[in-house]
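Engineer: You'll find run_25.csv just under this line, and it carries CSV, C-alpha atoms and all ligand atoms.
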```csv
chain,number,residue,atom,x,y,z
A,11,MET,CA,28.7,5.1,27.6
A,12,LYS,CA,27.7,1.5,27.9
A,13,THR,CA,25.3,0.0,25.4
A,14,PHE,CA,22.4,-0.5,27.8
A,15,GLU,CA,22.8,3.1,29.2
A,16,LYS,CA,22.5,4.4,25.6
A,17,LEU,CA,19.3,2.4,25.2
A,18,LEU,CA,17.8,3.9,28.3
A,19,LEU,CA,18.7,7.4,27.3
A,20,GLU,CA,17.4,6.9,23.8
A,21,ASN,CA,14.2,5.6,25.3
A,22,LYS,CA,13.7,8.9,27.3
A,23,ALA,CA,14.4,10.9,24.2
A,24,TRP,CA,11.9,8.9,22.1
A,25,ALA,CA,9.2,9.1,24.7
A,26,GLN,CA,9.6,12.9,24.9
A,27,ASP,CA,9.5,13.2,21.1
A,28,MET,CA,6.3,11.2,20.9
A,29,VAL,CA,4.6,13.4,23.5
A,30,LEU,CA,5.8,16.5,21.8
A,31,ALA,CA,4.3,15.3,18.5
A,32,ASP,CA,1.1,14.0,20.1
A,33,PRO,CA,0.5,14.8,23.8
A,34,ASN,CA,-2.2,12.1,24.2
A,35,PHE,CA,-0.2,9.4,22.4
A,36,PHE,CA,0.6,7.2,25.5
A,37,SER,CA,-2.6,7.9,27.4
A,38,ARG,CA,-4.6,6.8,24.4
A,39,LEU,CA,-2.7,3.5,24.1
A,40,ALA,CA,-2.3,2.7,27.7
A,41,ASP,CA,-5.7,1.1,28.4
A,42,VAL,CA,-6.4,-0.9,25.2
A,43,GLN,CA,-4.7,-2.4,22.2
A,44,LYS,CA,-6.5,-3.2,19.0
A,45,PRO,CA,-4.0,-4.3,16.5
A,46,GLU,CA,-5.3,-5.7,13.2
A,47,VAL,CA,-2.1,-7.7,12.4
A,48,LEU,CA,-0.1,-10.5,14.0
A,49,TRP,CA,3.5,-10.5,12.8
A,50,ILE,CA,5.5,-13.7,13.1
A,51,GLY,CA,9.1,-12.9,12.2
A,52,CYS,CA,12.7,-13.9,12.7
A,53,SER,CA,14.6,-12.7,15.8
A,54,ASP,CA,17.3,-11.3,13.5
A,55,SER,CA,18.2,-7.7,14.7
A,56,ARG,CA,18.2,-6.5,11.1
A,57,VAL,CA,14.5,-7.2,10.6
A,58,PRO,CA,12.7,-5.2,13.3
A,59,SER,CA,9.0,-5.7,12.5
A,60,GLU,CA,7.5,-2.3,13.2
A,61,ILE,CA,10.4,-0.4,11.7
A,62,VAL,CA,10.4,-2.1,8.3
A,63,VAL,CA,6.7,-1.5,7.7
A,64,ASN,CA,6.7,1.9,9.5
A,65,ALA,CA,4.1,0.9,12.0
A,66,GLN,CA,3.3,2.7,15.2
A,67,PRO,CA,2.9,1.3,18.7
A,68,GLY,CA,-0.5,-0.4,18.9
A,69,GLU,CA,-0.6,-1.5,15.3
A,70,ILE,CA,1.1,-4.9,15.3
A,71,PHE,CA,1.1,-7.8,17.7
A,72,VAL,CA,4.5,-9.4,17.4
A,73,HIS,CA,6.0,-12.8,17.9
A,74,ARG,CA,9.6,-13.4,16.8
A,75,ASN,CA,11.8,-16.5,17.0
A,76,ILE,CA,14.8,-18.0,15.1
A,77,ALA,CA,13.7,-18.4,11.5
A,78,ASN,CA,10.1,-17.3,12.0
A,79,GLN,CA,8.6,-20.8,12.8
A,80,VAL,CA,5.2,-21.9,13.9
A,81,ILE,CA,5.7,-25.3,15.6
A,82,THR,CA,2.8,-27.4,16.9
A,83,THR,CA,4.6,-28.2,20.2
A,84,ASP,CA,5.7,-24.6,20.9
A,85,PHE,CA,3.4,-23.1,23.5
A,86,ASN,CA,5.0,-19.7,23.0
A,87,SER,CA,4.1,-19.1,19.3
A,88,LEU,CA,0.7,-21.0,19.7
A,89,SER,CA,-0.4,-18.9,22.7
A,90,VAL,CA,0.5,-15.7,20.9
A,91,LEU,CA,-1.5,-17.0,17.9
A,92,GLN,CA,-4.5,-17.9,20.1
A,93,TYR,CA,-4.5,-14.6,21.8
A,94,ALA,CA,-4.1,-12.6,18.6
A,95,VAL,CA,-6.8,-14.6,16.7
A,96,ASP,CA,-9.4,-15.3,19.5
A,97,VAL,CA,-9.1,-12.3,21.7
A,98,LEU,CA,-7.6,-9.4,19.6
A,99,LYS,CA,-9.4,-10.8,16.6
A,100,VAL,CA,-6.7,-9.8,14.1
A,101,ASN,CA,-7.7,-9.9,10.4
A,102,HIS,CA,-4.2,-10.7,9.1
A,103,VAL,CA,-1.4,-13.0,10.2
A,104,ILE,CA,1.9,-12.3,8.5
A,105,VAL,CA,4.8,-14.7,8.5
A,106,CYS,CA,7.8,-12.6,7.4
A,107,GLY,CA,11.1,-14.4,6.7
A,108,HIS,CA,14.2,-12.8,5.4
A,109,TYR,CA,16.9,-13.7,2.8
A,110,ASN,CA,20.3,-14.8,4.2
A,111,CYS,CA,18.6,-16.0,7.4
A,112,GLY,CA,21.3,-17.4,9.7
A,113,GLY,CA,18.9,-20.0,11.1
A,114,ILE,CA,18.1,-21.3,7.6
A,115,ARG,CA,21.8,-21.3,6.6
A,116,ALA,CA,22.7,-23.3,9.8
A,117,SER,CA,19.9,-25.8,9.1
A,118,LEU,CA,21.7,-26.8,5.9
A,119,LYS,CA,24.9,-27.6,7.9
A,120,LYS,CA,25.8,-30.4,10.3
A,121,GLN,CA,24.3,-30.0,13.8
A,122,ASN,CA,26.4,-28.0,16.2
A,123,PRO,CA,27.3,-30.0,19.3
A,124,ASN,CA,27.7,-26.8,21.3
A,125,LEU,CA,24.2,-25.5,20.5
A,126,LEU,CA,21.9,-28.3,21.5
A,127,MET,CA,18.7,-26.2,22.0
A,128,VAL,CA,19.2,-24.4,18.7
A,129,ASN,CA,19.7,-27.7,16.9
A,130,LYS,CA,16.3,-28.9,18.2
A,131,TRP,CA,14.7,-25.7,17.0
A,132,LEU,CA,16.3,-25.9,13.6
A,133,LYS,CA,15.4,-29.6,13.2
A,134,HIS,CA,12.1,-28.5,11.8
A,135,ILE,CA,13.8,-26.6,9.0
A,136,LYS,CA,15.9,-29.6,8.2
A,137,ASP,CA,12.6,-31.5,7.8
A,138,ILE,CA,11.5,-28.8,5.3
A,139,TYR,CA,14.8,-29.3,3.4
A,140,ARG,CA,14.1,-33.0,3.3
A,141,LEU,CA,10.6,-32.4,1.8
A,142,HIS,CA,12.2,-30.3,-1.0
A,143,GLU,CA,15.5,-32.1,-1.2
A,144,GLY,CA,15.3,-32.7,-5.0
A,145,GLU,CA,14.6,-29.0,-5.9
A,146,LEU,CA,17.2,-27.7,-3.4
A,147,ASP,CA,20.0,-30.0,-4.2
A,148,ALA,CA,19.6,-29.2,-7.9
A,149,LEU,CA,20.5,-25.5,-7.2
A,150,GLY,CA,24.1,-24.6,-8.0
A,151,SER,CA,25.3,-23.0,-4.8
A,152,GLU,CA,24.8,-23.0,-1.0
A,153,ASP,CA,23.6,-19.4,-1.3
A,154,ALA,CA,21.0,-20.4,-3.8
A,155,ARG,CA,19.8,-23.2,-1.6
A,156,VAL,CA,19.6,-20.8,1.4
A,157,HIS,CA,17.7,-18.3,-0.7
A,158,ARG,CA,15.1,-20.9,-1.8
A,159,LEU,CA,14.8,-22.6,1.6
A,160,VAL,CA,14.1,-19.2,3.2
A,161,GLU,CA,11.1,-19.0,0.8
A,162,LEU,CA,10.0,-22.6,1.3
A,163,ASN,CA,10.2,-22.1,5.1
A,164,VAL,CA,7.8,-19.1,5.0
A,165,ILE,CA,5.4,-21.1,2.8
A,166,GLU,CA,5.6,-24.1,5.2
A,167,GLN,CA,4.9,-21.9,8.2
A,168,ILE,CA,1.8,-20.5,6.5
A,169,TYR,CA,0.6,-24.1,6.1
A,170,ASN,CA,1.5,-24.8,9.7
A,171,LEU,CA,-0.7,-21.9,10.7
A,172,ALA,CA,-3.6,-23.1,8.5
A,173,HIS,CA,-3.3,-26.6,10.1
A,174,THR,CA,-3.9,-25.3,13.6
A,175,SER,CA,-7.4,-25.5,15.2
A,176,ILE,CA,-7.0,-21.8,16.0
A,177,ILE,CA,-6.9,-20.7,12.4
A,178,GLN,CA,-9.4,-23.3,11.2
A,179,GLY,CA,-11.8,-22.3,13.9
A,180,ALA,CA,-11.6,-18.6,13.1
A,181,TRP,CA,-12.0,-19.3,9.4
A,182,ASN,CA,-15.1,-21.3,10.0
A,183,GLN,CA,-16.7,-18.9,12.5
A,184,ASP,CA,-15.5,-15.5,11.4
A,185,ARG,CA,-14.1,-15.7,7.9
A,186,ARG,CA,-10.8,-14.3,9.1
A,187,PRO,CA,-7.8,-14.0,9.3
A,188,ILE,CA,-6.0,-13.9,5.9
A,189,LEU,CA,-2.6,-15.6,6.2
A,190,HIS,CA,0.3,-13.8,4.4
A,191,GLY,CA,3.7,-15.3,3.7
A,192,TRP,CA,6.3,-12.6,3.1
A,193,VAL,CA,10.1,-12.4,2.7
A,194,TYR,CA,12.3,-9.4,3.5
A,195,GLY,CA,15.4,-8.5,1.6
A,196,LEU,CA,18.4,-7.5,3.8
A,197,GLN,CA,20.0,-6.0,0.7
A,198,ASP,CA,17.3,-3.5,-0.2
A,199,GLY,CA,14.8,-3.5,2.7
A,200,ILE,CA,12.0,-4.6,0.3
A,201,ILE,CA,9.3,-7.1,1.3
A,202,LYS,CA,8.0,-9.5,-1.3
A,203,GLU,CA,4.8,-11.6,-1.0
A,204,LEU,CA,5.2,-15.3,-1.5
A,205,ILE,CA,1.8,-16.7,-0.6
A,206,SER,CA,-1.5,-15.6,0.7
A,207,LEU,CA,-4.2,-18.0,2.1
A,208,PRO,CA,-7.7,-16.5,2.5
A,209,PRO,CA,-10.2,-18.0,4.9
A,210,GLY,CA,-11.6,-21.3,3.6
A,211,SER,CA,-8.5,-22.2,1.5
A,212,GLN,CA,-8.5,-25.8,0.5
A,213,LEU,CA,-6.2,-27.8,2.8
A,214,SER,CA,-5.1,-31.4,2.6
A,215,PRO,CA,-8.0,-33.3,4.3
A,216,ILE,CA,-5.6,-35.0,6.7
A,217,TYR,CA,-4.9,-31.6,8.3
A,218,GLU,CA,-8.6,-30.6,8.6
A,219,TYR,CA,-10.3,-30.7,11.9
A,220,ALA,CA,-13.3,-33.0,11.5
A,221,ASP,CA,-15.6,-30.7,13.6
A,222,VAL,CA,-14.4,-27.4,14.9
A,223,ALA,CA,-16.8,-26.1,17.4
A,301,CO,CO,16.7,-15.0,10.4
```
Here is the file; what I need is its structure written in the form of structure tokens.
Ligand code: CO

Structural biologist:
Amino acid sequence: MKTFEKLLLENKAWAQDMVLADPNFFSRLADVQKPEVLWIGCSDSRVPSEIVVNAQPGEIFVHRNIANQVITTDFNSLSVLQYAVDVLKVNHVIVCGHYNCGGIRASLKKQNPNLLMVNKWLKHIKDIYRLHEGELDALGSEDARVHRLVELNVIEQIYNLAHTSIIQGAWNQDRRPILHGWVYGLQDGIIKELISLPPGSQLSPIYEYADVA
């Protein structure tokens, strides 16, 4: 059987199982979603957001990209953020990175001339490396540098979120959402919290909006 055929068959079996367990499952979810959480994660196939936190359909609004980044010129992540915060009114935004992230590892190498788009995406992580060059270069091995840069990247993305007009506006008007920076271990499946920014957290003044309506 081809891979995609297996996926379609598995889908039918899954849908049947869900209805057997709860006959109204799909009809209840079909018209409305009210997730409390936005998850921004890595596209890595080994870190499937709903599965690693045992969440059901309807619980988590998800955006995933290479190395779980929030970039101010990226309409994709920002439109997901705007919809989640302003329309769905989520109370929590989670950025979940993972150790041994291929995107982070690649960011510490020379740029790949065959992957020009990926280079541009990873450029932002090279900039995070440059911010923390002293700390990272003092680490003994490439693995140790990757490990720490995974963490620093998650923390940086939390600040990238806090620096958006979307988050600052919701903090001012609604006292939500809380921003959570997490990292997932591929070795043990365990998530560790690295940072949490509640509404109203102090930011560097140069990133504050002077007047958020
Ligand atoms: Co990754």

Engineer: Neighbours of ligand CO 301 (chain A) at 12 Å or closer, counting all atoms listed in the file: which residues, as a PyMOL selection string?

Structural biologist: chain A and resi 50-58+74-79+106-117+132+156-157+159-161+163-164+193-196

Engineer: My list of candidates is A:Ala148, A:Leu126, A:Ala154, A:Thr174. Which is closest to Ser89 of chain A when distances are computed with all atoms listed in the file?

Structural biologist: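 Counting all atoms listed in the file, the residue closest to Ser89 of chain A is A:Thr174.
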
Engineer: Residues at most 12 Å from Ser214 of chain A, counting only C-alpha atoms, excluding those fewer than 4 positions away in the same chain, as a PyMOL selection string?

Structural biologist: chain A and resi 169-170+172-173+218-219

Engineer: Between A:Ile200, A:Leu17, A:Ile176, A:Ile135, which one has atoms that come closest to Lys99 of chain A, using all atoms listed in the file?

Structural biologist: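 Going through A:Ile200, A:Leu17, A:Ile176, A:Ile135 one by one, the smallest distance to Lys99 of chain A is for A:Ile176.
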
Engineer: Do you know which residues are at most 9 Å from Ile205 of chain A counting all atoms listed in the file, after dropping those on the same chain fewer than 3 positions away, and could you put them as a list of chain:residue names?

Structural biologist: A:Val164, A:Ile165, A:Ile168, A:Leu189, A:His190, A:Gly191, A:Trp192

Engineer: Could you pull the residues within 10 Å of segment 46-49 of chain A, counting only C-alpha atoms, minus those fewer than 2 positions along the same chain, as a compact mmCIF listing (two decimals) with C-alpha atoms, in the frame of the given file?

Structural biologist:
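File around_16.txt, as written:
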```txt
# COMPACT_ATOMS: atom_id res chain seq x y z
CA GLN A 43 -4.70 -2.40 22.20
CA LYS A 44 -6.50 -3.20 19.00
CA GLY A 51 9.10 -12.90 12.20
CA CYS A 52 12.70 -13.90 12.70
CA SER A 59 9.00 -5.70 12.50
CA GLU A 60 7.50 -2.30 13.20
CA GLY A 68 -0.50 -0.40 18.90
CA GLU A 69 -0.60 -1.50 15.30
CA ILE A 70 1.10 -4.90 15.30
CA PHE A 71 1.10 -7.80 17.70
CA VAL A 72 4.50 -9.40 17.40
CA HIS A 73 6.00 -12.80 17.90
CA ARG A 74 9.60 -13.40 16.80
CA ASN A 78 10.10 -17.30 12.00
CA VAL A 90 0.50 -15.70 20.90
CA LEU A 91 -1.50 -17.00 17.90
CA TYR A 93 -4.50 -14.60 21.80
CA ALA A 94 -4.10 -12.60 18.60
CA VAL A 95 -6.80 -14.60 16.70
CA LEU A 98 -7.60 -9.40 19.60
CA LYS A 99 -9.40 -10.80 16.60
CA VAL A 100 -6.70 -9.80 14.10
CA ASN A 101 -7.70 -9.90 10.40
CA HIS A 102 -4.20 -10.70 9.10
CA VAL A 103 -1.40 -13.00 10.20
CA ILE A 104 1.90 -12.30 8.50
CA VAL A 105 4.80 -14.70 8.50
CA CYS A 106 7.80 -12.60 7.40
CA PRO A 187 -7.80 -14.00 9.30
CA ILE A 188 -6.00 -13.90 5.90
CA LEU A 189 -2.60 -15.60 6.20
CA HIS A 190 0.30 -13.80 4.40
```

Engineer: Here is a test: counting all atoms listed in the file, which residue of A:Asn64, A:Asn182, A:Ile138, A:Asp96 is nearest to Asp221 of chain A?

Structural biologist: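 That would be A:Asn182, the residue with the smallest distance to Asp221 of chain A.
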
Engineer: With only C-alpha atoms as the basis for distance, which of A:Gln178, A:Lys120, A:Asp184, A:Val80 is at the shortest distance from His134 of chain A?

Structural biologist: A:Val80

Engineer: Report, in Å to a single decimal, how far apart atom CA of Tyr139 of chain A and atom CA of Leu171 of chain A are.

Structural biologist: 18.7 Å

Engineer: Given the choices A:Asn122, A:Pro67, A:Leu141, A:Gln26, which gets closest to Leu39 of chain A if the distance is worked out from all atoms listed in the file?

Structural biologist: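 Looking at the shortest contact to Leu39 of chain A, the residue is A:Pro67.
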
Engineer: Which one of A:Glu20, A:Asp27, A:Asp84, A:Glu166 sits closest to Asp137 of chain A if you count only C-alpha atoms?

Structural biologist: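 For Asp137 of chain A, the nearest of the given residues is A:Glu166.
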
Engineer: Rounded to one decimal in Å, what is the spacing between atom CA of Ile81 of chain A and atom CA of Gln197 of chain A?

Structural biologist: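 Calculated distance between atom CA of Ile81 of chain A and atom CA of Gln197 of chain A is 28.3 Å.
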
Engineer: Could you jot down the atom CA of Leu146 of chain A to atom CA of Lys133 of chain A separation for me, Å, one decimal place?

Structural biologist: 16.8 Å
